[in-house]
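> Below is the file upload-v3.pdb, which contains PDB, C-alpha atoms.
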MODEL        1
ATOM      1  CA  MET S  13      13.346   6.716 -10.948
ATOM      2  CA  PRO S  14      10.471   4.610  -9.593
ATOM      3  CA  LYS S  15      12.635   2.184  -7.562
ATOM      4  CA  ILE S  16      13.080   3.488  -4.027
ATOM      5  CA  ASP S  17      16.590   3.392  -2.587
ATOM      6  CA  LEU S  18      15.538   2.223   0.860
ATOM      7  CA  ASP S  19      19.132   2.269   2.130
ATOM      8  CA  LYS S  20      19.174   6.033   1.666
ATOM      9  CA  ILE S  21      16.099   6.637   3.817
ATOM     10  CA  GLU S  22      17.159   7.075   7.434
ATOM     11  CA  PRO S  23      14.802   5.409   9.918
ATOM     12  CA  ARG S  24      13.062   7.995  12.085
ATOM     13  CA  LEU S  25      12.954   7.331  15.806
ATOM     14  CA  GLY S  26      10.765   8.924  18.437
ATOM     15  CA  SER S  27       7.087   9.513  18.932
ATOM     16  CA  GLY S  28       4.626  12.387  18.834
ATOM     17  CA  TYR S  29       2.657  10.975  21.771
ATOM     18  CA  PRO S  30       2.314  13.347  24.712
ATOM     19  CA  GLY S  31       4.277  12.997  27.926
ATOM     20  CA  LYS S  32       5.508   9.610  29.042
ATOM     21  CA  LEU S  33       3.407   7.764  26.500
ATOM     22  CA  GLY S  34       6.217   8.323  24.023
ATOM     23  CA  ASP S  35       8.470   6.161  26.199
ATOM     24  CA  GLU S  36       6.484   3.120  25.102
ATOM     25  CA  MET S  37       7.666   3.598  21.511
ATOM     26  CA  GLY S  38      11.311   2.703  22.139
ATOM     27  CA  GLY S  39      12.676   0.210  19.633
ATOM     28  CA  ARG S  40      10.351   1.388  16.883
ATOM     29  CA  SER S  41      11.550   3.342  13.879
ATOM     30  CA  SER S  42      10.050   4.197  10.539
ATOM     31  CA  LYS S  43      11.296   4.743   7.004
ATOM     32  CA  ARG S  44       9.023   7.296   5.399
ATOM     33  CA  ILE S  45       8.881   6.349   1.773
ATOM     34  CA  SER S  46       6.037   8.393   0.302
ATOM     35  CA  ASP S  47       7.679  11.791   0.511
ATOM     36  CA  VAL S  48      10.882  10.513  -1.068
ATOM     37  CA  ALA S  49       8.845   8.749  -3.733
ATOM     38  CA  GLY S  50       6.718  11.767  -4.621
ATOM     39  CA  ILE S  51       3.362  10.192  -3.860
ATOM     40  CA  THR S  52       0.851  12.217  -1.868
ATOM     41  CA  GLN S  53      -2.506  10.399  -1.863
ATOM     42  CA  PHE S  54      -1.511   7.742   0.636
ATOM     43  CA  GLY S  55       1.359   7.364   3.047
ATOM     44  CA  ALA S  56       3.744   4.432   2.668
ATOM     45  CA  ASN S  57       6.108   3.740   5.532
ATOM     46  CA  ILE S  58       8.230   0.796   6.543
ATOM     47  CA  THR S  59       7.972   0.302  10.298
ATOM     48  CA  ILE S  60      10.971  -1.420  11.903
ATOM     49  CA  LEU S  61      10.373  -3.152  15.229
ATOM     50  CA  GLN S  62      13.184  -4.370  17.419
ATOM     51  CA  PRO S  63      12.341  -7.321  19.686
ATOM     52  CA  GLY S  64       9.740  -6.207  22.213
ATOM     53  CA  ALA S  65       8.858  -3.007  20.360
ATOM     54  CA  LYS S  66       5.384  -1.978  19.279
ATOM     55  CA  SER S  67       4.225   0.061  16.318
ATOM     56  CA  SER S  68       1.869   2.410  18.122
ATOM     57  CA  LEU S  69      -0.657   2.580  20.896
ATOM     58  CA  ARG S  70      -3.735   0.589  19.931
ATOM     59  CA  HIS S  71      -5.968   2.891  17.852
ATOM     60  CA  TRP S  72      -8.408   3.185  14.963
ATOM     61  CA  HIS S  73      -9.047   5.875  12.346
ATOM     62  CA  GLU S  74     -12.354   7.568  11.590
ATOM     63  CA  ASN S  75     -11.572   8.472   7.983
ATOM     64  CA  GLN S  76      -8.444   6.744   6.727
ATOM     65  CA  ASP S  77      -8.116   3.176   5.465
ATOM     66  CA  GLU S  78      -4.937   1.411   6.584
ATOM     67  CA  PHE S  79      -3.265  -1.677   5.150
ATOM     68  CA  MET S  80      -0.130  -3.584   6.143
ATOM     69  CA  VAL S  81       2.043  -6.394   4.811
ATOM     70  CA  VAL S  82       4.907  -8.085   6.657
ATOM     71  CA  LEU S  83       8.287  -7.778   4.905
ATOM     72  CA  GLN S  84      10.599  -9.365   7.465
ATOM     73  CA  GLY S  85      10.322 -11.431  10.630
ATOM     74  CA  VAL S  86       7.150 -12.080  12.560
ATOM     75  CA  CYS S  87       4.656  -9.433  13.674
ATOM     76  CA  THR S  88       1.944  -9.921  16.255
ATOM     77  CA  LEU S  89      -1.223  -8.004  15.481
ATOM     78  CA  VAL S  90      -3.117  -6.959  18.603
ATOM     79  CA  ASP S  91      -6.764  -5.982  18.235
ATOM     80  CA  ASP S  92     -10.155  -6.568  19.845
ATOM     81  CA  HIS S  93      -9.934 -10.249  18.829
ATOM     82  CA  GLY S  94      -6.671 -10.792  20.707
ATOM     83  CA  GLU S  95      -3.288 -11.588  19.202
ATOM     84  CA  THR S  96      -2.719 -12.834  15.644
ATOM     85  CA  GLU S  97       0.665 -13.824  14.258
ATOM     86  CA  LEU S  98       1.602 -12.391  10.868
ATOM     87  CA  GLN S  99       4.436 -13.920   8.838
ATOM     88  CA  LEU S 100       6.291 -12.709   5.746
ATOM     89  CA  GLY S 101       3.749 -11.716   3.101
ATOM     90  CA  ASP S 102       0.766 -11.773   5.451
ATOM     91  CA  CYS S 103      -1.552  -8.784   5.070
ATOM     92  CA  ALA S 104      -4.026  -7.045   7.337
ATOM     93  CA  ALA S 105      -6.464  -4.221   6.657
ATOM     94  CA  PHE S 106      -8.053  -1.646   8.928
ATOM     95  CA  PRO S 107     -11.021   0.014   7.245
ATOM     96  CA  ALA S 108     -11.809   3.614   8.104
ATOM     97  CA  GLY S 109     -14.453   3.877  10.796
ATOM     98  CA  ASP S 110     -14.029   0.312  12.054
ATOM     99  CA  ALA S 111     -13.670   0.810  15.811
ATOM    100  CA  ASN S 112     -11.411  -2.224  16.224
ATOM    101  CA  GLY S 113      -8.266  -0.673  17.636
ATOM    102  CA  HIS S 114      -5.020  -2.263  16.506
ATOM    103  CA  CYS S 115      -1.291  -2.168  16.931
ATOM    104  CA  VAL S 116       1.601  -4.445  15.999
ATOM    105  CA  VAL S 117       4.094  -5.889  18.473
ATOM    106  CA  ASN S 118       7.320  -7.746  17.831
ATOM    107  CA  THR S 119       7.195 -10.656  20.250
ATOM    108  CA  SER S 120      10.048 -12.475  18.496
ATOM    109  CA  ASP S 121      13.758 -12.182  19.210
ATOM    110  CA  THR S 122      14.723 -10.787  15.805
ATOM    111  CA  GLU S 123      13.944  -7.549  13.989
ATOM    112  CA  ALA S 124      10.606  -7.348  12.191
ATOM    113  CA  ARG S 125       9.527  -5.010   9.409
ATOM    114  CA  PHE S 126       6.221  -4.230   7.802
ATOM    115  CA  LEU S 127       4.947  -1.847   5.158
ATOM    116  CA  ILE S 128       2.036   0.299   6.284
ATOM    117  CA  ILE S 129      -0.163   2.195   3.845
ATOM    118  CA  GLY S 130      -2.651   4.819   5.005
ATOM    119  CA  THR S 131      -4.832   7.204   3.065
ATOM    120  CA  ARG S 132      -3.872  10.850   3.420
ATOM    121  CA  THR S 133      -6.649  13.244   4.338
ATOM    122  CA  ALA S 134      -6.497  16.909   5.337
ATOM    123  CA  THR S 135      -8.206  16.168   8.632
ATOM    124  CA  GLU S 136      -8.514  13.041  10.748
ATOM    125  CA  VAL S 137      -9.580  11.806  14.154
ATOM    126  CA  ALA S 138      -8.121   8.633  15.648
ATOM    127  CA  TRP S 139      -9.215   6.995  18.891
ATOM    128  CA  TYR S 140      -7.035   5.039  21.313
ATOM    129  CA  SER S 141      -8.567   1.828  22.559
ATOM    130  CA  ASP S 142      -6.812   1.273  25.861
ATOM    131  CA  ILE S 143      -6.480   4.801  27.245
ATOM    132  CA  ASP S 144      -8.637   7.937  27.489
ATOM    133  CA  MET S 145      -7.067   9.679  24.468
ATOM    134  CA  LYS S 146      -7.897  10.704  20.937
ATOM    135  CA  VAL S 147      -5.962  12.688  18.371
ATOM    136  CA  THR S 148      -7.357  15.303  16.029
ATOM    137  CA  VAL S 149      -5.205  16.043  12.994
ATOM    138  CA  ASN S 150      -5.520  19.198  10.909
ATOM    139  CA  ASP S 151      -3.082  19.706   8.046
ATOM    140  CA  GLY S 152      -0.370  17.720   9.770
ATOM    141  CA  VAL S 153      -0.820  19.250  13.237
ATOM    142  CA  TYR S 154      -1.589  16.596  15.881
ATOM    143  CA  ASP S 155      -3.717  17.570  18.895
ATOM    144  CA  PHE S 156      -3.858  14.858  21.546
ATOM    145  CA  THR S 157      -6.711  15.235  24.056
ATOM    146  CA  ARG S 158      -8.902  13.133  26.272
ATOM    147  CA  LYS S 159     -11.835  11.549  24.462
ATOM    148  CA  ASP S 160     -14.137  14.359  25.647
ATOM    149  CA  GLY S 161     -11.748  16.918  24.108
ATOM    150  CA  SER S 162     -10.242  18.119  27.391
ATOM    151  CA  PRO S 163      -6.466  18.499  27.723
ATOM    152  CA  PHE S 164      -4.345  15.412  28.258
ATOM    153  CA  SER S 165      -0.712  15.569  29.318
ATOM    154  CA  GLY S 166      -0.011  11.901  28.648
ATOM    155  CA  ASP S 167       1.631  11.524  32.028
ATOM    156  CA  LYS S 168      -1.322  10.010  33.846
ATOM    157  CA  GLU S 169      -4.133   7.740  32.867
TER     158      GLU S 169
ATOM    159  CA  MET R   2     -10.790  -9.740  11.502
ATOM    160  CA  PRO R   3      -8.016  -7.543  10.111
ATOM    161  CA  LYS R   4      -5.741 -10.407   8.955
ATOM    162  CA  ILE R   5      -6.509 -11.331   5.362
ATOM    163  CA  ASP R   6      -6.840 -15.032   4.564
ATOM    164  CA  LEU R   7      -4.953 -14.863   1.276
ATOM    165  CA  ASP R   8      -5.468 -18.577   0.638
ATOM    166  CA  LYS R   9      -9.199 -17.952   0.346
ATOM    167  CA  ILE R  10      -8.840 -15.288  -2.357
ATOM    168  CA  GLU R  11      -8.888 -16.963  -5.764
ATOM    169  CA  PRO R  12      -6.424 -15.408  -8.231
ATOM    170  CA  ARG R  13      -8.239 -13.754 -11.120
ATOM    171  CA  LEU R  14      -6.953 -14.480 -14.596
ATOM    172  CA  GLY R  15      -7.651 -12.631 -17.809
ATOM    173  CA  SER R  16      -7.444  -9.071 -19.010
ATOM    174  CA  GLY R  17      -9.785  -6.226 -19.889
ATOM    175  CA  TYR R  18      -7.566  -5.122 -22.766
ATOM    176  CA  PRO R  19      -9.308  -4.984 -26.147
ATOM    177  CA  GLY R  20      -8.798  -7.578 -28.856
ATOM    178  CA  LYS R  21      -5.589  -9.518 -29.065
ATOM    179  CA  LEU R  22      -3.822  -7.262 -26.579
ATOM    180  CA  GLY R  23      -5.300  -9.419 -23.853
ATOM    181  CA  ASP R  24      -3.273 -12.358 -25.150
ATOM    182  CA  GLU R  25      -0.135 -10.697 -23.820
ATOM    183  CA  MET R  26      -1.408 -11.062 -20.273
ATOM    184  CA  GLY R  27      -1.139 -14.843 -20.077
ATOM    185  CA  GLY R  28       0.612 -16.071 -16.956
ATOM    186  CA  ARG R  29      -0.547 -13.106 -14.907
ATOM    187  CA  SER R  30      -3.142 -13.372 -12.188
ATOM    188  CA  SER R  31      -4.236 -11.120  -9.360
ATOM    189  CA  LYS R  32      -5.576 -11.559  -5.840
ATOM    190  CA  ARG R  33      -7.887  -8.646  -5.163
ATOM    191  CA  ILE R  34      -7.540  -7.953  -1.504
ATOM    192  CA  SER R  35      -9.226  -4.587  -0.938
ATOM    193  CA  ASP R  36     -12.794  -5.703  -1.531
ATOM    194  CA  VAL R  37     -12.400  -8.695   0.773
ATOM    195  CA  ALA R  38     -10.754  -6.475   3.356
ATOM    196  CA  GLY R  39     -13.419  -3.772   3.284
ATOM    197  CA  ILE R  40     -11.138  -0.914   2.294
ATOM    198  CA  THR R  41     -12.286   1.449  -0.438
ATOM    199  CA  GLN R  42      -9.911   4.402  -0.643
ATOM    200  CA  PHE R  43      -7.113   2.544  -2.378
ATOM    201  CA  GLY R  44      -6.889  -0.762  -4.163
ATOM    202  CA  ALA R  45      -4.559  -3.455  -2.825
ATOM    203  CA  ASN R  46      -3.869  -6.409  -5.090
ATOM    204  CA  ILE R  47      -1.260  -9.129  -5.136
ATOM    205  CA  THR R  48      -0.107  -9.687  -8.711
ATOM    206  CA  ILE R  49       1.248 -13.170  -9.425
ATOM    207  CA  LEU R  50       3.574 -13.504 -12.408
ATOM    208  CA  GLN R  51       4.587 -16.846 -13.824
ATOM    209  CA  PRO R  52       7.983 -16.934 -15.581
ATOM    210  CA  GLY R  53       7.799 -14.733 -18.673
ATOM    211  CA  ALA R  54       4.564 -13.025 -17.650
ATOM    212  CA  LYS R  55       4.046  -9.281 -17.374
ATOM    213  CA  SER R  56       1.820  -7.268 -15.092
ATOM    214  CA  SER R  57       0.276  -4.977 -17.707
ATOM    215  CA  LEU R  58       1.047  -3.036 -20.809
ATOM    216  CA  ARG R  59       3.391  -0.176 -20.000
ATOM    217  CA  HIS R  60       1.253   2.738 -18.803
ATOM    218  CA  TRP R  61       0.944   5.716 -16.479
ATOM    219  CA  HIS R  62      -1.958   7.263 -14.572
ATOM    220  CA  GLU R  63      -3.099  10.867 -14.707
ATOM    221  CA  ASN R  64      -4.709  10.965 -11.261
ATOM    222  CA  GLN R  65      -3.840   7.915  -9.205
ATOM    223  CA  ASP R  66      -0.658   7.273  -7.240
ATOM    224  CA  GLU R  67       0.641   3.712  -7.456
ATOM    225  CA  PHE R  68       3.081   1.892  -5.183
ATOM    226  CA  MET R  69       4.505  -1.636  -5.260
ATOM    227  CA  VAL R  70       6.593  -3.925  -3.071
ATOM    228  CA  VAL R  71       7.995  -7.315  -4.053
ATOM    229  CA  LEU R  72       6.772 -10.193  -1.869
ATOM    230  CA  GLN R  73       8.287 -13.195  -3.648
ATOM    231  CA  GLY R  74      10.867 -13.858  -6.347
ATOM    232  CA  VAL R  75      12.396 -11.258  -8.615
ATOM    233  CA  CYS R  76      10.490  -8.653 -10.630
ATOM    234  CA  THR R  77      11.900  -6.601 -13.464
ATOM    235  CA  LEU R  78      10.518  -3.089 -13.611
ATOM    236  CA  VAL R  79      10.373  -1.701 -17.136
ATOM    237  CA  ASP R  80      10.049   2.061 -17.572
ATOM    238  CA  ASP R  81      11.534   4.939 -19.568
ATOM    239  CA  HIS R  82      14.884   4.346 -17.836
ATOM    240  CA  GLY R  83      15.121   0.727 -18.993
ATOM    241  CA  GLU R  84      14.983  -2.369 -16.840
ATOM    242  CA  THR R  85      15.493  -2.426 -13.072
ATOM    243  CA  GLU R  86      15.592  -5.582 -10.977
ATOM    244  CA  LEU R  87      13.466  -5.613  -7.825
ATOM    245  CA  GLN R  88      14.080  -8.188  -5.099
ATOM    246  CA  LEU R  89      12.051  -9.193  -2.044
ATOM    247  CA  GLY R  90      11.147  -6.065  -0.084
ATOM    248  CA  ASP R  91      12.140  -3.645  -2.850
ATOM    249  CA  CYS R  92       9.630  -0.858  -3.434
ATOM    250  CA  ALA R  93       8.781   1.368  -6.375
ATOM    251  CA  ALA R  94       6.398   4.308  -6.663
ATOM    252  CA  PHE R  95       4.574   5.799  -9.620
ATOM    253  CA  PRO R  96       3.252   9.275  -8.809
ATOM    254  CA  ALA R  97       0.047  10.419 -10.476
ATOM    255  CA  GLY R  98       0.726  12.477 -13.564
ATOM    256  CA  ASP R  99       4.323  11.286 -14.021
ATOM    257  CA  ALA R 100       4.385  10.272 -17.687
ATOM    258  CA  ASN R 101       6.973   7.545 -17.111
ATOM    259  CA  GLY R 102       5.109   4.458 -18.297
ATOM    260  CA  HIS R 103       5.848   1.293 -16.351
ATOM    261  CA  CYS R 104       5.114  -2.392 -16.156
ATOM    262  CA  VAL R 105       6.622  -5.361 -14.337
ATOM    263  CA  VAL R 106       7.950  -8.489 -16.036
ATOM    264  CA  ASN R 107       9.032 -11.781 -14.523
ATOM    265  CA  THR R 108      12.271 -12.577 -16.329
ATOM    266  CA  SER R 109      13.199 -15.274 -13.811
ATOM    267  CA  ASP R 110      12.342 -18.960 -13.938
ATOM    268  CA  THR R 111      10.251 -19.021 -10.777
ATOM    269  CA  GLU R 112       6.958 -17.413  -9.769
ATOM    270  CA  ALA R 113       7.099 -13.801  -8.614
ATOM    271  CA  ARG R 114       4.581 -11.844  -6.554
ATOM    272  CA  PHE R 115       4.199  -8.203  -5.695
ATOM    273  CA  LEU R 116       1.699  -6.086  -3.808
ATOM    274  CA  ILE R 117       0.359  -3.164  -5.801
ATOM    275  CA  ILE R 118      -1.466  -0.246  -4.173
ATOM    276  CA  GLY R 119      -3.342   2.341  -6.222
ATOM    277  CA  THR R 120      -5.566   5.204  -5.168
ATOM    278  CA  ARG R 121      -9.213   4.771  -6.065
ATOM    279  CA  THR R 122     -10.859   7.660  -7.881
ATOM    280  CA  ALA R 123     -14.275   7.871  -9.527
ATOM    281  CA  THR R 124     -12.700   8.779 -12.860
ATOM    282  CA  GLU R 125      -9.269   8.175 -14.337
ATOM    283  CA  VAL R 126      -7.304   8.353 -17.570
ATOM    284  CA  ALA R 127      -4.266   6.144 -18.147
ATOM    285  CA  TRP R 128      -1.946   6.323 -21.141
ATOM    286  CA  TYR R 129      -0.057   3.433 -22.740
ATOM    287  CA  SER R 130       3.545   4.181 -23.570
ATOM    288  CA  ASP R 131       4.284   1.754 -26.371
ATOM    289  CA  ILE R 132       1.036   1.699 -28.344
ATOM    290  CA  ASP R 133      -1.546   4.229 -29.528
ATOM    291  CA  MET R 134      -4.024   3.570 -26.708
ATOM    292  CA  LYS R 135      -5.443   5.224 -23.637
ATOM    293  CA  VAL R 136      -8.154   4.152 -21.212
ATOM    294  CA  THR R 137     -10.809   6.368 -19.683
ATOM    295  CA  VAL R 138     -12.428   4.983 -16.550
ATOM    296  CA  ASN R 139     -15.752   6.195 -15.191
ATOM    297  CA  ASP R 140     -17.166   4.481 -12.126
ATOM    298  CA  GLY R 141     -15.488   1.200 -12.972
ATOM    299  CA  VAL R 142     -16.309   1.189 -16.695
ATOM    300  CA  TYR R 143     -13.175   1.012 -18.844
ATOM    301  CA  ASP R 144     -13.217   2.628 -22.299
ATOM    302  CA  PHE R 145     -10.129   1.835 -24.380
ATOM    303  CA  THR R 146      -9.544   4.173 -27.336
ATOM    304  CA  ARG R 147      -6.719   5.535 -29.429
ATOM    305  CA  LYS R 148      -4.934   8.485 -27.846
ATOM    306  CA  ASP R 149      -7.042  10.919 -29.906
ATOM    307  CA  GLY R 150     -10.208   9.294 -28.528
ATOM    308  CA  SER R 151     -11.131   7.398 -31.712
ATOM    309  CA  PRO R 152     -12.168   3.730 -31.489
ATOM    310  CA  PHE R 153      -9.483   1.098 -31.054
ATOM    311  CA  SER R 154     -10.147  -2.606 -31.500
ATOM    312  CA  GLY R 155      -6.839  -3.713 -30.051
ATOM    313  CA  ASP R 156      -6.216  -6.043 -32.952
ATOM    314  CA  LYS R 157      -3.911  -3.757 -34.927
ATOM    315  CA  GLU R 158      -1.385  -1.146 -34.029
TER     316      GLU R 158
ENDMDL
END
Taking this structure as input, can you express it in the form of structure tokens?

Amino acid sequence: MPKIDLDKIEPRLGSGYPGKLGDEMGGRSSKRISDVAGITQFGANITILQPGAKSSLRHWHENQDEFMVVLQGVCTLVDDHGETELQLGDCAAFPAGDANGHCVVNTSDTEARFLIIGTRTATEVAWYSDIDMKVTVNDGVYDFTRKDGSPFSGDKE
Amino acid sequence: MPKIDLDKIEPRLGSGYPGKLGDEMGGRSSKRISDVAGITQFGANITILQPGAKSSLRHWHENQDEFMVVLQGVCTLVDDHGETELQLGDCAAFPAGDANGHCVVNTSDTEARFLIIGTRTATEVAWYSDIDMKVTVNDGVYDFTRKDGSPFSGDKE
């Protein structure tokens, strides 16, 4: 059945970020739609942000296009240009290789939701704009390091 | 700038279907976001349906995943299971190779809009569920034929 029963998809909490960096992801959860829906070529997730929460650390992808559309509430896009308010139906795109790191913050006092689409690739490297960290992904295994490839615990800058 | 200025994207009318089949696409238009946004790995379009309009002839893709979310109004999904109503925020997915032909119809009396995402591939074959037609796509060139590959004008069943 093509229609997705979103009520049956439990929002996933938590973060894969190393050390204390994960603490910054409180108030964010994600409904992972693609796996339930049987699509494999791109990921489709609904990110749910409680007031004050953010979607991720500010980052950009080397190889994967990303695209988002706001489904509920107001989202504040943070990137190299500053802050941009996104309302219901507003879209933003993050082309692969564009080194303009981005994240989304809920600066309102009500829950916000957006759909995020990202190409799936077997390998990927993403770079974090505000800290000395990158992540290398191989077949679903995430390896967070400093930008020079040396180990990074996430507990110190 | 990642935010897309949707007001600056003119909706495209018309249809590439052969012959009189294109006449069935009146009242449908599409804002093509991906090209403006600089993403290439999947297409992202907003389809706008006036009352009574439909998104396409009912079809399925051999190689490309598709995904939709309703952004305004009510959309009726038509597939092998019948008709399913989709409201604001409802999502549906159409995995590559799933021979469940689908289209979306606006059976309401107000405009409806949905975002449609589809993987981009250099070649593709899509099959039409209700008529003897398929389309073979090579690098953006669409070749509509009967299902056995013989010519099809679109003017007769």
> Check which residues satisfy the PyMOL selection byres ((chain R and resi 143) around 10) in the file shown, then give them as an MDAnalysis selection string.
chainID R and resid 17:18 124:126 136:142 144:146
> Any chance you could work out the residue set of the PyMOL selection byres ((chain S and resi 100) around 9) here, as number ranges by chain?
S: 81-87, 98-99, 101-103, 126; R: 72
> Might you spell out which residues the PyMOL selection byres ((chain R) within 8 of (chain S)) would select in the displayed file, as an mmCIF file with C-alpha atoms, keeping the file's coordinate frame?

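Just written: selection-v1.cif:
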data_model
loop_
_atom_site.group_PDB
_atom_site.id
_atom_site.type_symbol
_atom_site.label_atom_id
_atom_site.label_comp_id
_atom_site.auth_asym_id
_atom_site.auth_seq_id
_atom_site.Cartn_x
_atom_site.Cartn_y
_atom_site.Cartn_z
ATOM 1 C CA MET R 2 -10.790 -9.740 11.502
ATOM 2 C CA PRO R 3 -8.016 -7.543 10.111
ATOM 3 C CA LYS R 4 -5.741 -10.407 8.955
ATOM 4 C CA ILE R 5 -6.509 -11.331 5.362
ATOM 5 C CA LEU R 7 -4.953 -14.863 1.276
ATOM 6 C CA ALA R 38 -10.754 -6.475 3.356
ATOM 7 C CA GLY R 39 -13.419 -3.772 3.284
ATOM 8 C CA ILE R 40 -11.138 -0.914 2.294
ATOM 9 C CA THR R 41 -12.286 1.449 -0.438
ATOM 10 C CA GLN R 42 -9.911 4.402 -0.643
ATOM 11 C CA PHE R 43 -7.113 2.544 -2.378
ATOM 12 C CA GLN R 65 -3.840 7.915 -9.205
ATOM 13 C CA ASP R 66 -0.658 7.273 -7.240
ATOM 14 C CA GLU R 67 0.641 3.712 -7.456
ATOM 15 C CA LEU R 72 6.772 -10.193 -1.869
ATOM 16 C CA HIS R 82 14.884 4.346 -17.836
ATOM 17 C CA THR R 85 15.493 -2.426 -13.072
ATOM 18 C CA LEU R 87 13.466 -5.613 -7.825
ATOM 19 C CA GLY R 90 11.147 -6.065 -0.084
ATOM 20 C CA ASP R 91 12.140 -3.645 -2.850
ATOM 21 C CA CYS R 92 9.630 -0.858 -3.434
ATOM 22 C CA ALA R 93 8.781 1.368 -6.375
ATOM 23 C CA ALA R 94 6.398 4.308 -6.663
ATOM 24 C CA PHE R 95 4.574 5.799 -9.620
ATOM 25 C CA PRO R 96 3.252 9.275 -8.809
ATOM 26 C CA ALA R 97 0.047 10.419 -10.476
ATOM 27 C CA THR R 120 -5.566 5.204 -5.168
#
> Neighbours of R:Asp156 within 12 Å (all atoms listed in the file; same-chain residues fewer than 3 positions away dropped), as a ChimeraX atom specification?
/R:18-25,132-134,152-153
> Suppose you want the space between atom CA of S:Arg24 and atom CA of S:Glu123; what is it in Å?
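Computed distance, atom CA of S:Arg24 to atom CA of S:Glu123, equals 15.7 Å.
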> Using all atoms listed in the file, which residue out of R:His62, R:Gly44, R:Thr111, R:Leu50 lies closest to R:Leu14?
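Answer, going by the shortest atom-to-atom distance: R:Leu50.
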> What is the atom CA of S:Asn57-atom CA of R:Leu58 distance in Å, reported with one decimal?
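Computing the Euclidean distance for atom CA of S:Asn57 and atom CA of R:Leu58 yields 27.7 Å.
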> At what distance in Å, to one decimal, does atom CA of R:Ser30 lie from atom CA of R:Ser57?
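Computing the Euclidean distance for atom CA of R:Ser57 and atom CA of R:Ser30 yields 10.6 Å.
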> Of the candidates S:Asp47, S:Arg70, S:Arg40, S:Lys146, which shows the shortest atom-to-atom distance to S:Ser162, using all atoms listed in the file?
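Using all atoms listed in the file, S:Ser162 sits closest to S:Lys146.
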> Taking all atoms of stretch 112-122 of chain S that appear in the file, build a box with edges along x, y and z, extend it by 8 Å on every side, and state its centre and edge lengths in Å to one decimal, as lines of an AutoDock Vina configuration file.

center_x = 1.7
center_y = -6.6
center_z = 18.0
size_x = 42.1
size_y = 27.8
size_z = 20.4
